[in-house]
Amino acid sequence: MSDDYGYDYEDDSPYGREAEYGAGDADVSDGDDGADGAGASRDGGRGPERTFAALPPAQGRGFATSWWGRAWLQALEDTALDGQQLKQGRQLARKGGVGAVSVRPGRITAMVRDRDGTAHRSDVLLQQLGVGAWDRFLDMAVDRAGHIAALLDREMPPHLVEDAAGAGVELLPGIGDLEPECTCGAWDHCPHSGALCYQVARLLDEDPFVLLLMRGRDERRLLDELQVRSAARAMRLGDGGAAEATDDAEREVRGVPAGEAFAAAGILPPLPAPPSAPDTPGLGPSLDTETPPAPGIDPAALEVLAADSAVRAHRMLLDALTPVHEEQPFPVELTPRQDAVRLAADARPDARVGARLAAGSGRAPADLDAAVRAWRYGGVPALAVLDEEWEPDPEDLGRARVRLDEAWEAGERPALRAGGRARWTVAGADLQLRLDRDGRWWPYRKERGRWVPAGPADDDPAGALAGAEEGGAADGMSGAGASI
């Protein structure tokens with residue numbers, strides 16, 4: 001069938017069809033090109049051909065997202081003498097004026113329709129690689145396992161192109177390499193050949209084998225030759241080439257040289273926007289299997305650690321994405337004793353794992369219960385008030401007494417008995433106020449003969465005590481011990 005531009009094609013898929021023209025390959029015309037590929041054909045000659053159905057208009061998007069597609073357009077834009085002609089060609093391609101594109105060695109062809117409906121056949125010629133050049137390229141690719149993997153993934157990483165250039169094989173076109181021919185009669189790149197090149201850039205984004213076909217090798221033959229050479233190389237390694245394989249592996253893990261990456265910066269696409277943060281932490285693995293664990297391994301404890309790691313990673317990611325993250329101070333590094341309390345508070349482990357955390361933190365289970373409650377009320381500062389005893393100096397003590405006297409109206413202040421170490425106990429009640437080193441007041445309540453945190457800190461001692469009197473220990477925090 002034919003498209004709207006009068007160009008015949010047989011397949012509606014974006015990747016069209018592939019057919020052999022005659023019995024030969026494009027390389028037959030190369031003759032004795034020797035080691036440098038001189039004399040390679042540019043006129044297309046005979047060989048495999050692929051026809052790509054007309055692509056839809058490219059409104060709202062660029063013509064190349066891959067770095068090799070952008071390199072193709074850069075060669076076009078550096079070659080053309082009339083930028084206005086290219087601009088018109090870009091508009092024709094964007095509006096869908098390019099018909100089906102035929103790609104064969106040395107030549108690409110399409111019918112391109114002007115805005116008034118006039119159709120022109122446009123061709124762009126590209127020098128083919130000779131037999132010797134292809135041999136060097138294939139030998140280079142086989143020597144790098146990563147290059148074969150990239151080609152199989154339809155990618156053309158910069159280091160593949162750079163390694164090929166180092167072997168004397170230029171895969172990407174340079175200035176002057178794209179020669180136009182068009183029935184409109186223009187001698188330079190016209191809007192029709194420009195539109196064709198812009199359309200081909202979209203094809204290259206999806207499949208770099210389009211470029212390799214223009215250079216003279218179709219995908220099937222190229223991969224077959226790579227397979228043959230890889231097998232031959234494996235046989236050589238089996239005969240004592242293990243050291244060579246080790247050297248190749250070491251070269252592979254070194255990455256891309258800095259100079260090569262810098263040189264590709266102008267044609268590489270911008271980095272994609274970072275993905276949004278997940279709403280919830282990931283689920284940890286389940287280690288409850290039928291196979292008994294090795295001696296000394298506690299699957300339940302490992303599950304707690306895995307779940308805790310997911311929660312902490314999610315929290316750190318959310319913090320890192322806040323606009324003022326760089327202005328925040330570094331988090332305080334916890335001691336093992338403090339981190340055991342944090343883990344018990346966040347993970348809410350069962351009693352058996354909780355007992356292990358208590359033993360590891362040097363606390364009795366009941367003491368860990370109180371520490372967990374303190375952590376949930378105020379983190380490290382609240383834990384310090386629980387664990388530490390400090391004696392205010394006379395000046396700090398004087399300010400604390402003034403603050404206690406001013407906190408209540410006349411006659412409303414409860415009877416407070418100073419117990420030393422910055423603690424004041426309410427007479428006749430199981431309530432206590434503790435002053436920390438920053439001048440904040442923490443309420444405590446006596447439960448089963450033990451003082452435990454009863455609420456968060458408050459700058460006002462009356463407010464702190466009121467929170468405890470209103471049932472700070474009954475707001476869901478008093479059940480902390482049951483969850484450990």
# chains A, B, ... in the order shown; residues from 1 in each chain; ligands from 1
$ select_by_dssp --residues "range 99-264 of chain A" --states "helix (DSSP H, G or I)" --output "number ranges by chain"
A: 131-142, 145-152, 158-166, 191-206, 209-214, 219-238, 242-252, 258-263
$ residues_around --residues "Leu386 in chain A" --least-positions-apart "4" --cutoff "10 Å" --atoms "only C-alpha atoms" --output "list in words"
Asp367, Ala370, Ala371, Arg373, Ala374, Trp375, Val380, Pro381, Ala382, Arg434, Asp436, Trp442, Tyr444, Trp451, Val452 and Pro453 of chain A
$ write_last_selection --atoms "N, CA, C and O atoms" --output "short mmCIF file (atom, residue, chain, number, x, y, z; two decimals), in the first residue's frame"
data_model
loop_
_atom_site.label_atom_id
_atom_site.label_comp_id
_atom_site.auth_asym_id
_atom_site.auth_seq_id
_atom_site.Cartn_x
_atom_site.Cartn_y
_atom_site.Cartn_z
N ASP A 367 12.54 -0.63 82.86
CA ASP A 367 13.26 0.62 82.58
C ASP A 367 13.20 0.96 81.09
O ASP A 367 13.12 2.14 80.72
N ALA A 370 9.90 2.72 80.37
CA ALA A 370 9.92 4.14 80.69
C ALA A 370 10.75 4.92 79.67
O ALA A 370 10.39 6.05 79.28
N ALA A 371 11.85 4.35 79.23
CA ALA A 371 12.70 5.03 78.25
C ALA A 371 11.98 5.19 76.91
O ALA A 371 12.10 6.23 76.25
N ARG A 373 8.78 5.46 76.52
CA ARG A 373 7.79 6.51 76.70
C ARG A 373 8.44 7.89 76.64
O ARG A 373 7.92 8.82 76.00
N ALA A 374 9.61 8.03 77.26
CA ALA A 374 10.32 9.31 77.20
C ALA A 374 10.70 9.64 75.77
O ALA A 374 10.57 10.80 75.33
N TRP A 375 11.20 8.64 75.02
CA TRP A 375 11.61 8.89 73.63
C TRP A 375 10.44 9.39 72.80
O TRP A 375 10.59 10.31 72.00
N VAL A 380 15.95 12.45 72.28
CA VAL A 380 17.16 12.45 73.09
C VAL A 380 17.03 13.35 74.31
O VAL A 380 17.41 12.96 75.42
N PRO A 381 16.50 14.60 74.19
CA PRO A 381 16.37 15.44 75.39
C PRO A 381 15.50 14.80 76.47
O PRO A 381 15.81 14.87 77.66
N ALA A 382 14.39 14.20 76.07
CA ALA A 382 13.51 13.56 77.06
C ALA A 382 14.20 12.37 77.71
O ALA A 382 14.02 12.11 78.91
N ARG A 434 10.24 18.01 86.37
CA ARG A 434 11.69 17.92 86.25
C ARG A 434 12.17 19.03 85.30
O ARG A 434 11.57 19.23 84.23
N ASP A 436 15.06 20.53 82.83
CA ASP A 436 16.24 20.11 82.08
C ASP A 436 17.25 21.26 81.98
O ASP A 436 17.00 22.38 82.44
N TRP A 442 9.41 19.09 82.46
CA TRP A 442 8.89 17.80 82.01
C TRP A 442 8.04 17.19 83.12
O TRP A 442 8.49 17.08 84.26
N TYR A 444 6.18 14.21 85.22
CA TYR A 444 6.35 12.78 85.52
C TYR A 444 5.21 12.33 86.40
O TYR A 444 4.62 13.11 87.16
N TRP A 451 8.81 6.39 88.83
CA TRP A 451 8.53 7.64 88.13
C TRP A 451 8.74 7.43 86.63
O TRP A 451 9.80 6.98 86.19
N VAL A 452 7.71 7.78 85.85
CA VAL A 452 7.77 7.61 84.40
C VAL A 452 7.30 8.90 83.73
O VAL A 452 6.53 9.67 84.30
N PRO A 453 7.78 9.18 82.52
CA PRO A 453 7.35 10.39 81.81
C PRO A 453 5.84 10.41 81.61
O PRO A 453 5.22 9.38 81.32
#
$ residues_around --residues "range 69-71 of chain A" --least-positions-apart "4" --cutoff "12 Å" --atoms "only C-alpha atoms" --output "JSON, numbers by chain"
{"A": [62, 63, 64, 65, 75, 76, 77, 78, 155, 156, 157, 158, 161, 171, 172, 173, 174, 175, 197, 198, 199, 200, 201, 202, 203, 204, 205, 206, 207, 208, 209, 210, 211, 263, 264, 265, 266, 267, 268, 269, 270]}
$ write_last_selection --atoms "N, CA and C atoms" --output "CSV table (one decimal), in the first residue's frame"
chain,number,residue,atom,x,y,z
A,62,GLY,N,10.7,17.2,21.4
A,62,GLY,CA,11.9,17.3,20.6
A,62,GLY,C,12.0,16.2,19.6
A,63,PHE,N,13.0,16.3,18.7
A,63,PHE,CA,13.2,15.3,17.7
A,63,PHE,C,14.2,14.2,18.1
A,64,ALA,N,14.9,14.5,19.2
A,64,ALA,CA,15.9,13.5,19.6
A,64,ALA,C,16.0,13.6,21.1
A,65,THR,N,15.9,12.5,21.8
A,65,THR,CA,16.2,12.4,23.2
A,65,THR,C,17.4,11.6,23.6
A,75,ALA,N,25.2,17.0,13.5
A,75,ALA,CA,25.9,17.0,12.2
A,75,ALA,C,25.1,17.7,11.1
A,76,LEU,N,23.8,17.5,11.1
A,76,LEU,CA,23.0,18.2,10.1
A,76,LEU,C,23.1,19.7,10.3
A,77,GLU,N,22.9,20.2,11.5
A,77,GLU,CA,22.9,21.6,11.7
A,77,GLU,C,24.2,22.3,11.5
A,78,ASP,N,25.3,21.5,11.7
A,78,ASP,CA,26.6,22.1,11.5
A,78,ASP,C,27.0,22.1,10.0
A,155,GLU,N,21.3,0.3,22.4
A,155,GLU,CA,21.9,1.5,23.0
A,155,GLU,C,23.2,1.7,22.3
A,156,MET,N,23.7,3.0,22.3
A,156,MET,CA,25.0,3.3,21.8
A,156,MET,C,25.7,4.2,22.8
A,157,PRO,N,26.2,3.7,23.8
A,157,PRO,CA,26.9,4.5,24.8
A,157,PRO,C,28.1,5.3,24.3
A,158,PRO,N,28.4,6.4,24.9
A,158,PRO,CA,29.5,7.2,24.3
A,158,PRO,C,30.8,6.4,24.2
A,161,VAL,N,31.2,4.5,21.0
A,161,VAL,CA,31.6,5.4,19.9
A,161,VAL,C,33.0,5.8,20.0
A,171,LEU,N,31.5,6.1,13.6
A,171,LEU,CA,30.1,5.7,13.5
A,171,LEU,C,29.1,6.9,13.2
A,172,LEU,N,29.2,7.9,14.0
A,172,LEU,CA,28.3,9.0,13.9
A,172,LEU,C,28.8,10.0,12.8
A,173,PRO,N,27.9,10.6,12.1
A,173,PRO,CA,28.3,11.5,11.0
A,173,PRO,C,29.0,12.8,11.6
A,174,GLY,N,29.9,13.3,10.9
A,174,GLY,CA,30.5,14.6,11.2
A,174,GLY,C,30.1,15.7,10.3
A,175,ILE,N,30.7,16.9,10.4
A,175,ILE,CA,30.4,18.0,9.5
A,175,ILE,C,30.6,17.6,8.1
A,197,CYS,N,15.9,14.4,7.8
A,197,CYS,CA,16.9,14.1,8.8
A,197,CYS,C,16.3,14.3,10.2
A,198,TYR,N,15.4,15.2,10.4
A,198,TYR,CA,14.8,15.4,11.7
A,198,TYR,C,13.9,14.1,12.0
A,199,GLN,N,13.3,13.6,11.0
A,199,GLN,CA,12.5,12.4,11.2
A,199,GLN,C,13.4,11.2,11.6
A,200,VAL,N,14.5,11.1,10.9
A,200,VAL,CA,15.4,10.0,11.2
A,200,VAL,C,16.0,10.1,12.6
A,201,ALA,N,16.1,11.3,13.1
A,201,ALA,CA,16.6,11.4,14.5
A,201,ALA,C,15.6,10.7,15.4
A,202,ARG,N,14.3,10.7,15.2
A,202,ARG,CA,13.3,10.0,16.0
A,202,ARG,C,13.5,8.5,15.9
A,203,LEU,N,13.8,8.1,14.7
A,203,LEU,CA,14.1,6.6,14.5
A,203,LEU,C,15.3,6.2,15.2
A,204,LEU,N,16.3,7.0,15.2
A,204,LEU,CA,17.6,6.7,15.9
A,204,LEU,C,17.4,6.6,17.4
A,205,ASP,N,16.5,7.4,17.9
A,205,ASP,CA,16.2,7.3,19.4
A,205,ASP,C,15.8,5.9,19.8
A,206,GLU,N,15.0,5.3,18.9
A,206,GLU,CA,14.5,4.0,19.3
A,206,GLU,C,15.5,2.9,18.9
A,207,ASP,N,16.3,3.1,17.9
A,207,ASP,CA,17.1,1.9,17.4
A,207,ASP,C,18.4,2.4,16.8
A,208,PRO,N,19.5,2.4,17.4
A,208,PRO,CA,20.8,2.8,16.8
A,208,PRO,C,21.2,1.9,15.6
A,209,PHE,N,20.6,0.7,15.5
A,209,PHE,CA,20.9,-0.1,14.3
A,209,PHE,C,20.5,0.6,13.0
A,210,VAL,N,19.6,1.6,13.1
A,210,VAL,CA,19.3,2.4,11.9
A,210,VAL,C,20.6,3.1,11.4
A,211,LEU,N,21.3,3.6,12.2
A,211,LEU,CA,22.6,4.3,11.9
A,211,LEU,C,23.6,3.2,11.3
A,263,ALA,N,33.4,15.4,26.8
A,263,ALA,CA,33.2,15.7,25.4
A,263,ALA,C,31.8,15.4,25.0
A,264,ALA,N,31.1,14.5,25.6
A,264,ALA,CA,29.8,14.1,25.2
A,264,ALA,C,28.7,15.0,25.9
A,265,ALA,N,29.1,16.0,26.8
A,265,ALA,CA,28.2,16.8,27.5
A,265,ALA,C,27.3,17.6,26.6
A,266,GLY,N,27.8,18.1,25.5
A,266,GLY,CA,27.0,18.9,24.6
A,266,GLY,C,25.9,18.2,23.9
A,267,ILE,N,25.9,16.9,23.8
A,267,ILE,CA,24.9,16.1,23.1
A,267,ILE,C,24.1,15.2,23.9
A,268,LEU,N,24.5,15.0,25.2
A,268,LEU,CA,23.7,14.2,26.1
A,268,LEU,C,22.4,14.9,26.5
A,269,PRO,N,21.3,14.1,26.6
A,269,PRO,CA,20.1,14.7,27.0
A,269,PRO,C,20.2,15.1,28.5
A,270,PRO,N,19.3,16.1,29.0
A,270,PRO,CA,19.4,16.4,30.4
A,270,PRO,C,18.9,15.3,31.2
$ select_by_dssp --residues "range 280-446 of chain A" --states "strand (DSSP E)" --output "JSON, numbers by chain"
{"A": [416, 417, 418, 419, 420, 423, 424, 425, 426, 431, 432, 433, 434, 435, 441, 442, 443, 444, 445, 446]}
$ write_last_selection --atoms "N, CA, C and O atoms" --output "mmCIF file, in the first residue's frame"
data_model
loop_
_atom_site.group_PDB
_atom_site.id
_atom_site.type_symbol
_atom_site.label_atom_id
_atom_site.label_comp_id
_atom_site.auth_asym_id
_atom_site.auth_seq_id
_atom_site.Cartn_x
_atom_site.Cartn_y
_atom_site.Cartn_z
ATOM 1 N N LEU A 416 4.599 22.199 96.386
ATOM 2 C CA LEU A 416 5.701 21.523 95.721
ATOM 3 C C LEU A 416 6.826 21.274 96.709
ATOM 4 O O LEU A 416 7.201 22.164 97.478
ATOM 5 N N ARG A 417 7.323 20.081 96.688
ATOM 6 C CA ARG A 417 8.417 19.712 97.580
ATOM 7 C C ARG A 417 9.667 19.471 96.730
ATOM 8 O O ARG A 417 9.701 18.596 95.869
ATOM 9 N N ALA A 418 10.671 20.320 96.968
ATOM 10 C CA ALA A 418 11.915 20.196 96.215
ATOM 11 C C ALA A 418 12.643 18.945 96.648
ATOM 12 O O ALA A 418 12.868 18.720 97.846
ATOM 13 N N GLY A 419 12.989 18.159 95.673
ATOM 14 C CA GLY A 419 13.661 16.909 95.980
ATOM 15 C C GLY A 419 15.120 16.919 95.582
ATOM 16 O O GLY A 419 15.770 15.869 95.624
ATOM 17 N N GLY A 420 15.617 18.093 95.186
ATOM 18 C CA GLY A 420 16.991 18.136 94.723
ATOM 19 C C GLY A 420 17.107 17.600 93.304
ATOM 20 O O GLY A 420 16.164 17.015 92.748
ATOM 21 N N ARG A 423 14.251 18.561 90.647
ATOM 22 C CA ARG A 423 12.974 17.861 90.644
ATOM 23 C C ARG A 423 12.100 18.410 91.765
ATOM 24 O O ARG A 423 12.566 18.606 92.893
ATOM 25 N N TRP A 424 10.814 18.634 91.431
ATOM 26 C CA TRP A 424 9.851 19.108 92.411
ATOM 27 C C TRP A 424 8.637 18.186 92.372
ATOM 28 O O TRP A 424 8.036 17.974 91.304
ATOM 29 N N THR A 425 8.280 17.610 93.522
ATOM 30 C CA THR A 425 7.176 16.661 93.622
ATOM 31 C C THR A 425 5.967 17.352 94.216
ATOM 32 O O THR A 425 6.073 18.125 95.177
ATOM 33 N N VAL A 426 4.786 17.100 93.641
ATOM 34 C CA VAL A 426 3.540 17.672 94.139
ATOM 35 C C VAL A 426 3.131 16.921 95.400
ATOM 36 O O VAL A 426 2.997 15.685 95.377
ATOM 37 N N LEU A 431 2.669 13.165 91.217
ATOM 38 C CA LEU A 431 3.099 13.975 90.086
ATOM 39 C C LEU A 431 4.414 14.665 90.417
ATOM 40 O O LEU A 431 4.685 14.984 91.591
ATOM 41 N N GLN A 432 5.189 14.906 89.383
ATOM 42 C CA GLN A 432 6.498 15.519 89.586
ATOM 43 C C GLN A 432 6.856 16.374 88.375
ATOM 44 O O GLN A 432 6.475 16.068 87.245
ATOM 45 N N LEU A 433 7.593 17.463 88.624
ATOM 46 C CA LEU A 433 8.150 18.299 87.566
ATOM 47 C C LEU A 433 9.665 18.154 87.572
ATOM 48 O O LEU A 433 10.288 18.193 88.641
ATOM 49 N N ARG A 434 10.244 18.007 86.368
ATOM 50 C CA ARG A 434 11.694 17.924 86.248
ATOM 51 C C ARG A 434 12.167 19.026 85.301
ATOM 52 O O ARG A 434 11.567 19.235 84.234
ATOM 53 N N LEU A 435 13.216 19.704 85.686
ATOM 54 C CA LEU A 435 13.792 20.789 84.912
ATOM 55 C C LEU A 435 15.019 20.279 84.157
ATOM 56 O O LEU A 435 15.899 19.663 84.758
ATOM 57 N N TRP A 441 10.387 22.270 81.306
ATOM 58 C CA TRP A 441 9.803 21.482 82.379
ATOM 59 C C TRP A 441 9.139 20.236 81.804
ATOM 60 O O TRP A 441 8.413 20.293 80.828
ATOM 61 N N TRP A 442 9.414 19.088 82.464
ATOM 62 C CA TRP A 442 8.889 17.803 82.012
ATOM 63 C C TRP A 442 8.038 17.189 83.117
ATOM 64 O O TRP A 442 8.486 17.078 84.263
ATOM 65 N N PRO A 443 6.793 16.802 82.821
ATOM 66 C CA PRO A 443 5.945 16.182 83.847
ATOM 67 C C PRO A 443 6.246 14.687 83.990
ATOM 68 O O PRO A 443 6.508 13.993 82.999
ATOM 69 N N TYR A 444 6.176 14.214 85.216
ATOM 70 C CA TYR A 444 6.346 12.784 85.516
ATOM 71 C C TYR A 444 5.207 12.327 86.403
ATOM 72 O O TYR A 444 4.618 13.112 87.157
ATOM 73 N N ARG A 445 4.918 11.030 86.318
ATOM 74 C CA ARG A 445 3.874 10.428 87.138
ATOM 75 C C ARG A 445 4.438 9.139 87.743
ATOM 76 O O ARG A 445 5.189 8.416 87.089
ATOM 77 N N LYS A 446 4.039 8.868 88.971
ATOM 78 C CA LYS A 446 4.485 7.640 89.614
ATOM 79 C C LYS A 446 3.493 6.524 89.294
ATOM 80 O O LYS A 446 2.291 6.653 89.562
#
$ closest_residue --among "A:Val372, A:Ala410, A:Ala307, A:Val124" --to "Leu178 in chain A" --atoms "only C-alpha atoms"
A:Val124
